[in-house]
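Colleague: Just passing along the structure, written as structure tokens.
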Amino acid sequence: ERQRLMKKEADYKSEKKRVDSIKILDDSKWTEFDDSYIHTYHDINNDGTGMREGEERTEVVDMNKGRPCSYSNETHWYGTVLSTKIIKAPPASDKISSRKPGVEHNGITLRQLRAVMKNIIRRCVKEGWTGFNGEPLTPEEVNLYHVNRYIILPYTSRKRTSFVRALLSTAGAQPPRFFVSHWW
């Protein structure tokens, strides 16, 4: 009887989390993921010190269509990109062509990570995000738990897929070049 009640409570919590996620999904705009965002940057000097130089530059980053995952595989010593390499997933070993690439190919690109940060900056204070004790959050205080609650779960709640796969800018497999872990 106790196990049945515990399962019922877990199911209730899971359903409540799903309903809350869908409400956030419906109440929020996802411009940075489904359309575009503005990215500002400076050129880096070519004397090897890596210092910014010149005026701040602005670019519109298009996020509404797939873009192959790539990286600069050859750069000049001061940072000028000489060539770019498209990252491809290794062929599936099980010979099922319709199968989606595995989770090991769900790396997030820098462009996609910047979109997450832009979304946090735009929505956090405006929508009154709160921490687990009910305290108001600022974008600087948002951690992965908050990102999961306010971005990942809502954005993926209807598509029922990983966050990276749900993004329109994902053109296919995105095998990571680096792995950074976190503590849950």
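Chain labels follow the order of the structure tokens: the first chain is A, the next B, and so on; residue numbering restarts at 1 in every chain, and ligands are counted from 1 in their shown order.
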Residues of range 7-88 of chain A within 8 Å of range 163-182 of chain A: nearest atom pair and distance (Å, one decimal) for each, counting only C-alpha atoms, sorted by chain and number, as CSV?
Modeller:
residue,atom,partner,partner_atom,distance
A:Phe33,CA,A:Leu167,CA,6.2
A:Asp34,CA,A:Leu168,CA,6.2
A:Met63,CA,A:Ser169,CA,5.0
A:Asn64,CA,A:Leu168,CA,5.3
A:Lys65,CA,A:Ser169,CA,4.9
A:Gly66,CA,A:Ala171,CA,4.0
A:Arg67,CA,A:Ala171,CA,5.1
A:Pro68,CA,A:Ala171,CA,5.4
A:Cys69,CA,A:Gln174,CA,5.7
A:Ile87,CA,A:Pro175,CA,6.9
A:Lys88,CA,A:Ala173,CA,6.8
Colleague: Filtering to all heavy atoms, could you give me those residues as a compact mmCIF listing (two decimals), in the first residue's frame?
Modeller:
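Now in part-v2.txt:
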# COMPACT_ATOMS: atom_id res chain seq x y z
N PHE A 33 15.67 30.92 -29.81
CA PHE A 33 15.80 29.55 -30.29
C PHE A 33 15.11 29.33 -31.63
O PHE A 33 15.55 28.52 -32.43
CB PHE A 33 15.22 28.55 -29.28
CG PHE A 33 15.76 28.71 -27.89
CD1 PHE A 33 14.93 28.64 -26.80
CD2 PHE A 33 17.11 28.94 -27.67
CE1 PHE A 33 15.41 28.78 -25.52
CE2 PHE A 33 17.61 29.09 -26.38
CZ PHE A 33 16.76 29.01 -25.31
N ASP A 34 14.01 30.02 -31.87
CA ASP A 34 13.19 29.77 -33.06
C ASP A 34 13.36 30.81 -34.15
O ASP A 34 12.88 30.62 -35.26
CB ASP A 34 11.71 29.72 -32.66
CG ASP A 34 11.41 28.57 -31.72
OD1 ASP A 34 12.19 27.61 -31.69
OD2 ASP A 34 10.40 28.65 -31.01
N MET A 63 18.73 31.55 -36.12
CA MET A 63 18.56 30.27 -35.43
C MET A 63 17.39 29.46 -35.96
O MET A 63 17.04 28.43 -35.40
CB MET A 63 18.36 30.53 -33.92
CG MET A 63 19.53 31.18 -33.24
SD MET A 63 21.00 30.13 -33.19
CE MET A 63 20.51 28.93 -31.97
N ASN A 64 16.75 29.92 -37.04
CA ASN A 64 15.52 29.25 -37.48
C ASN A 64 15.72 28.20 -38.57
O ASN A 64 14.75 27.70 -39.12
CB ASN A 64 14.47 30.28 -37.92
CG ASN A 64 14.90 31.06 -39.13
OD1 ASN A 64 15.91 30.77 -39.75
ND2 ASN A 64 14.13 32.07 -39.47
N LYS A 65 16.95 27.87 -38.88
CA LYS A 65 17.19 26.77 -39.82
C LYS A 65 18.44 26.01 -39.40
O LYS A 65 19.33 26.55 -38.76
CB LYS A 65 17.29 27.28 -41.25
CG LYS A 65 18.37 28.27 -41.51
CD LYS A 65 18.33 28.72 -42.96
CE LYS A 65 19.33 29.80 -43.19
NZ LYS A 65 18.81 31.09 -43.47
N GLY A 66 18.47 24.75 -39.77
CA GLY A 66 19.57 23.89 -39.40
C GLY A 66 20.89 24.38 -39.95
O GLY A 66 20.96 24.89 -41.06
N ARG A 67 21.92 24.20 -39.17
CA ARG A 67 23.28 24.59 -39.58
C ARG A 67 24.21 23.46 -39.14
O ARG A 67 24.20 23.06 -37.98
CB ARG A 67 23.66 25.88 -38.87
CG ARG A 67 25.04 26.37 -39.20
CD ARG A 67 25.22 27.77 -38.60
NE ARG A 67 26.46 28.33 -39.08
CZ ARG A 67 27.48 28.58 -38.29
NH1 ARG A 67 27.43 28.31 -37.01
NH2 ARG A 67 28.58 29.11 -38.79
N PRO A 68 25.00 22.94 -40.06
CA PRO A 68 25.90 21.85 -39.68
C PRO A 68 26.83 22.27 -38.54
O PRO A 68 27.29 23.40 -38.49
CB PRO A 68 26.70 21.58 -40.95
CG PRO A 68 25.90 22.15 -42.05
CD PRO A 68 25.13 23.30 -41.46
N CYS A 69 27.08 21.36 -37.65
CA CYS A 69 27.98 21.60 -36.52
C CYS A 69 29.41 21.66 -37.07
O CYS A 69 29.83 20.81 -37.84
CB CYS A 69 27.82 20.44 -35.53
SG CYS A 69 28.69 20.68 -34.00
N ILE A 87 31.66 18.82 -38.39
CA ILE A 87 31.73 17.64 -37.54
C ILE A 87 30.62 16.68 -37.94
O ILE A 87 29.45 17.05 -37.95
CB ILE A 87 31.59 18.01 -36.05
CG1 ILE A 87 32.66 19.02 -35.64
CG2 ILE A 87 31.65 16.77 -35.18
CD1 ILE A 87 32.49 19.56 -34.24
N LYS A 88 30.99 15.47 -38.27
CA LYS A 88 30.01 14.46 -38.65
C LYS A 88 30.02 13.33 -37.64
O LYS A 88 31.05 12.97 -37.11
CB LYS A 88 30.33 13.91 -40.04
CG LYS A 88 30.21 14.96 -41.13
CD LYS A 88 30.52 14.39 -42.49
CE LYS A 88 30.40 15.49 -43.52
NZ LYS A 88 30.87 15.10 -44.81
Colleague: Can you tell me, as a PyMOL selection string, which residues in chain A count as strand (DSSP E) by DSSP?
Modeller: chain A and resi 36-44+52-62+70-75+81-86
Colleague: Those same residues, written as a CSV table (one decimal), in the first residue's frame with N, CA and C atoms?
Modeller:
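As written to disk, result-v2.csv reads:
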chain,number,residue,atom,x,y,z
A,36,SER,N,16.0,34.4,-34.1
A,36,SER,CA,17.4,34.9,-34.1
A,36,SER,C,17.6,35.6,-32.8
A,37,TYR,N,18.9,36.0,-32.6
A,37,TYR,CA,19.3,36.9,-31.5
A,37,TYR,C,20.4,37.8,-32.0
A,38,ILE,N,20.7,38.8,-31.2
A,38,ILE,CA,21.8,39.8,-31.5
A,38,ILE,C,23.0,39.4,-30.7
A,39,HIS,N,24.1,39.2,-31.4
A,39,HIS,CA,25.4,38.9,-30.7
A,39,HIS,C,26.4,40.1,-31.0
A,40,THR,N,26.9,40.6,-29.9
A,40,THR,CA,27.9,41.6,-30.0
A,40,THR,C,29.3,41.1,-29.6
A,41,TYR,N,30.3,41.6,-30.2
A,41,TYR,CA,31.7,41.2,-30.0
A,41,TYR,C,32.7,42.2,-30.5
A,42,HIS,N,33.9,42.0,-30.2
A,42,HIS,CA,35.0,42.8,-30.6
A,42,HIS,C,36.0,41.9,-31.4
A,43,ASP,N,36.7,42.5,-32.3
A,43,ASP,CA,37.8,41.8,-33.0
A,43,ASP,C,38.9,41.6,-31.9
A,44,ILE,N,39.7,40.6,-32.1
A,44,ILE,CA,40.8,40.3,-31.2
A,44,ILE,C,42.1,40.8,-32.0
A,52,ARG,N,40.9,42.8,-26.9
A,52,ARG,CA,39.9,43.3,-27.9
A,52,ARG,C,40.5,44.6,-28.6
A,53,GLU,N,40.0,44.8,-29.8
A,53,GLU,CA,40.4,46.0,-30.5
A,53,GLU,C,39.3,46.5,-31.3
A,54,GLY,N,39.3,47.8,-31.6
A,54,GLY,CA,38.3,48.4,-32.5
A,54,GLY,C,36.9,48.5,-31.8
A,55,GLU,N,36.0,48.9,-32.6
A,55,GLU,CA,34.6,49.1,-32.2
A,55,GLU,C,33.9,47.8,-31.9
A,56,GLU,N,32.9,47.9,-31.1
A,56,GLU,CA,32.1,46.7,-30.9
A,56,GLU,C,31.3,46.4,-32.1
A,57,ARG,N,31.2,45.1,-32.5
A,57,ARG,CA,30.5,44.7,-33.7
A,57,ARG,C,29.2,44.0,-33.3
A,58,THR,N,28.2,44.1,-34.1
A,58,THR,CA,27.0,43.4,-33.9
A,58,THR,C,26.6,42.5,-35.1
A,59,GLU,N,26.1,41.3,-34.8
A,59,GLU,CA,25.6,40.5,-35.8
A,59,GLU,C,24.3,39.8,-35.4
A,60,VAL,N,23.4,39.6,-36.4
A,60,VAL,CA,22.2,38.9,-36.1
A,60,VAL,C,22.5,37.4,-36.3
A,61,VAL,N,22.3,36.6,-35.4
A,61,VAL,CA,22.5,35.1,-35.5
A,61,VAL,C,21.2,34.4,-35.8
A,62,ASP,N,21.1,33.9,-37.0
A,62,ASP,CA,19.9,33.2,-37.4
A,62,ASP,C,19.8,31.8,-36.8
A,70,SER,N,30.2,22.7,-36.7
A,70,SER,CA,31.5,22.9,-37.2
A,70,SER,C,32.4,23.5,-36.2
A,71,TYR,N,33.7,23.5,-36.5
A,71,TYR,CA,34.7,24.3,-35.6
A,71,TYR,C,35.8,24.7,-36.5
A,72,SER,N,36.5,25.7,-36.0
A,72,SER,CA,37.7,26.2,-36.7
A,72,SER,C,38.9,25.3,-36.4
A,73,ASN,N,39.2,24.5,-37.4
A,73,ASN,CA,40.3,23.5,-37.2
A,73,ASN,C,41.7,24.0,-37.5
A,74,GLU,N,41.7,25.2,-38.1
A,74,GLU,CA,43.1,25.7,-38.4
A,74,GLU,C,42.9,27.2,-38.2
A,75,THR,N,43.8,27.8,-37.4
A,75,THR,CA,43.8,29.2,-37.2
A,75,THR,C,45.2,29.8,-37.2
A,81,VAL,N,40.7,32.7,-38.5
A,81,VAL,CA,40.3,31.3,-38.9
A,81,VAL,C,40.8,31.1,-40.4
A,82,LEU,N,41.6,30.0,-40.5
A,82,LEU,CA,42.1,29.7,-41.9
A,82,LEU,C,41.2,28.6,-42.5
A,83,SER,N,40.6,27.7,-41.7
A,83,SER,CA,39.7,26.7,-42.3
A,83,SER,C,38.8,26.2,-41.2
A,84,THR,N,37.6,25.7,-41.7
A,84,THR,CA,36.6,25.3,-40.8
A,84,THR,C,36.2,23.8,-41.2
A,85,LYS,N,36.0,23.0,-40.1
A,85,LYS,CA,35.7,21.6,-40.4
A,85,LYS,C,34.3,21.3,-39.9
A,86,ILE,N,33.5,20.6,-40.7
A,86,ILE,CA,32.2,20.2,-40.4
A,86,ILE,C,32.3,18.9,-39.5
Colleague: Tell me, counting only C-alpha atoms, for each residue of range 107-140 of chain A within 12 Å of range 11-26 of chain A, which pair of atoms is nearest and how far apart they are in Å to one decimal, in rows ordered by chain and increasing number, as a Markdown table.
Modeller:
| residue | atom | partner | partner_atom | distance |
| --- | --- | --- | --- | --- |
| A:Arg123 | CA | A:Ile24 | CA | 11.1 |
| A:Glu127 | CA | A:Ile24 | CA | 9.7 |
| A:Gly128 | CA | A:Ile24 | CA | 11.8 |
| A:Trp129 | CA | A:Ile24 | CA | 10.8 |
Colleague: With all heavy atoms retained, could you export that selection as a compact mmCIF listing (two decimals), in the first residue's frame?
Modeller:
# COMPACT_ATOMS: atom_id res chain seq x y z
N ARG A 123 14.39 37.00 -20.30
CA ARG A 123 13.19 36.52 -19.60
C ARG A 123 13.27 36.51 -18.08
O ARG A 123 12.25 36.64 -17.41
CB ARG A 123 12.87 35.10 -20.07
CG ARG A 123 12.44 35.01 -21.51
CD ARG A 123 12.16 33.57 -21.93
NE ARG A 123 11.32 32.88 -20.99
CZ ARG A 123 11.49 31.59 -20.63
NH1 ARG A 123 12.44 30.87 -21.16
NH2 ARG A 123 10.70 31.03 -19.75
N GLU A 127 9.98 37.90 -16.26
CA GLU A 127 8.99 36.89 -15.91
C GLU A 127 9.00 36.53 -14.43
O GLU A 127 8.21 35.71 -13.98
CB GLU A 127 9.21 35.61 -16.74
CG GLU A 127 8.95 35.82 -18.22
CD GLU A 127 9.20 34.56 -19.03
OE1 GLU A 127 9.40 33.47 -18.45
OE2 GLU A 127 9.21 34.68 -20.28
N GLY A 128 9.91 37.12 -13.67
CA GLY A 128 9.96 36.88 -12.23
C GLY A 128 10.40 35.48 -11.84
O GLY A 128 9.80 34.86 -10.96
N TRP A 129 11.46 34.99 -12.48
CA TRP A 129 11.98 33.67 -12.13
C TRP A 129 12.38 33.68 -10.66
O TRP A 129 12.92 34.66 -10.15
CB TRP A 129 13.18 33.32 -12.98
CG TRP A 129 12.89 33.08 -14.43
CD1 TRP A 129 11.72 33.30 -15.10
CD2 TRP A 129 13.82 32.61 -15.40
NE1 TRP A 129 11.87 32.98 -16.43
CE2 TRP A 129 13.15 32.55 -16.64
CE3 TRP A 129 15.15 32.22 -15.34
CZ2 TRP A 129 13.76 32.12 -17.81
CZ3 TRP A 129 15.78 31.80 -16.51
CH2 TRP A 129 15.09 31.75 -17.72
Colleague: As a list in words, please: the residues near range 138-150 of chain A (cut-off 8 Å, only C-alpha atoms, same-chain neighbours under 3 positions excluded).
Modeller: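 So, after excluding close chain neighbours, the residues are Ser21, Ile24, Ile120, Ile121, Cys124, Val125, Trp129, Gly131, Leu153 and Pro154 of chain A.
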Colleague: For the selection just defined, write its residues with N, CA, C and O atoms to a file, as an mmCIF file, in the first residue's frame.
Modeller:
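Wrote it out as out-v6.cif, contents follow:
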data_model
loop_
_atom_site.group_PDB
_atom_site.id
_atom_site.type_symbol
_atom_site.label_atom_id
_atom_site.label_comp_id
_atom_site.auth_asym_id
_atom_site.auth_seq_id
_atom_site.Cartn_x
_atom_site.Cartn_y
_atom_site.Cartn_z
ATOM 1 N N SER A 21 5.529 23.060 -16.988
ATOM 2 C CA SER A 21 6.414 23.291 -18.136
ATOM 3 C C SER A 21 5.634 23.766 -19.348
ATOM 4 O O SER A 21 6.058 24.680 -20.057
ATOM 5 N N ILE A 24 4.693 27.403 -18.913
ATOM 6 C CA ILE A 24 5.828 28.281 -19.220
ATOM 7 C C ILE A 24 6.037 28.342 -20.729
ATOM 8 O O ILE A 24 6.264 29.415 -21.295
ATOM 9 N N ILE A 120 17.880 33.722 -21.191
ATOM 10 C CA ILE A 120 17.906 33.959 -19.743
ATOM 11 C C ILE A 120 17.891 35.460 -19.455
ATOM 12 O O ILE A 120 17.095 35.938 -18.636
ATOM 13 N N ILE A 121 18.758 36.201 -20.121
ATOM 14 C CA ILE A 121 18.865 37.643 -19.890
ATOM 15 C C ILE A 121 17.544 38.339 -20.195
ATOM 16 O O ILE A 121 17.096 39.208 -19.452
ATOM 17 N N CYS A 124 14.426 36.307 -17.508
ATOM 18 C CA CYS A 124 14.555 36.022 -16.081
ATOM 19 C C CYS A 124 13.844 37.044 -15.189
ATOM 20 O O CYS A 124 12.935 36.703 -14.439
ATOM 21 N N VAL A 125 14.256 38.289 -15.236
ATOM 22 C CA VAL A 125 13.681 39.321 -14.376
ATOM 23 C C VAL A 125 12.270 39.669 -14.833
ATOM 24 O O VAL A 125 11.347 39.785 -14.010
ATOM 25 N N TRP A 129 11.462 34.988 -12.484
ATOM 26 C CA TRP A 129 11.977 33.668 -12.130
ATOM 27 C C TRP A 129 12.381 33.675 -10.660
ATOM 28 O O TRP A 129 12.917 34.659 -10.148
ATOM 29 N N GLY A 131 14.166 31.263 -7.331
ATOM 30 C CA GLY A 131 14.962 30.116 -6.922
ATOM 31 C C GLY A 131 14.089 29.146 -6.151
ATOM 32 O O GLY A 131 12.875 29.342 -5.999
ATOM 33 N N LEU A 153 12.907 22.073 -19.757
ATOM 34 C CA LEU A 153 11.644 21.319 -19.628
ATOM 35 C C LEU A 153 10.505 21.962 -20.427
ATOM 36 O O LEU A 153 9.808 21.265 -21.173
ATOM 37 N N PRO A 154 10.293 23.288 -20.325
ATOM 38 C CA PRO A 154 9.211 23.870 -21.128
ATOM 39 C C PRO A 154 9.444 23.732 -22.643
ATOM 40 O O PRO A 154 8.536 23.361 -23.377
#
Colleague: So, with only C-alpha atoms as the atoms that count, which of A:Leu137, A:Met51, A:Val103, A:Ile151 lies closest to Met117 in chain A?
Modeller: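 Selected residue with least distance to Met117 in chain A: A:Ile151.
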Colleague: What gap, in Å, lies between CA of His105 in chain A and CA of Glu32 in chain A?
Modeller: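 Those two atoms sit 22.1 Å apart.
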Colleague: Based on the backbone DSSP call, show me all residues of chain A assigned helix (DSSP H, G or I), as a PyMOL selection string.
Modeller: chain A and resi 2-27+31-34+103-105+110-127+139-141+144-156+163-166
Colleague: What does the distance from CA of Ser157 in chain A to CA of Gly107 in chain A come to in Å, to one decimal?
Modeller: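 Those two atoms sit 19.5 Å apart.
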Colleague: Grab the CA of Asn119 in chain A to CA of Gly134 in chain A distance for me, in Å with one decimal place.
Modeller: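 Separation of CA of Asn119 in chain A and CA of Gly134 in chain A: 20.7 Å.
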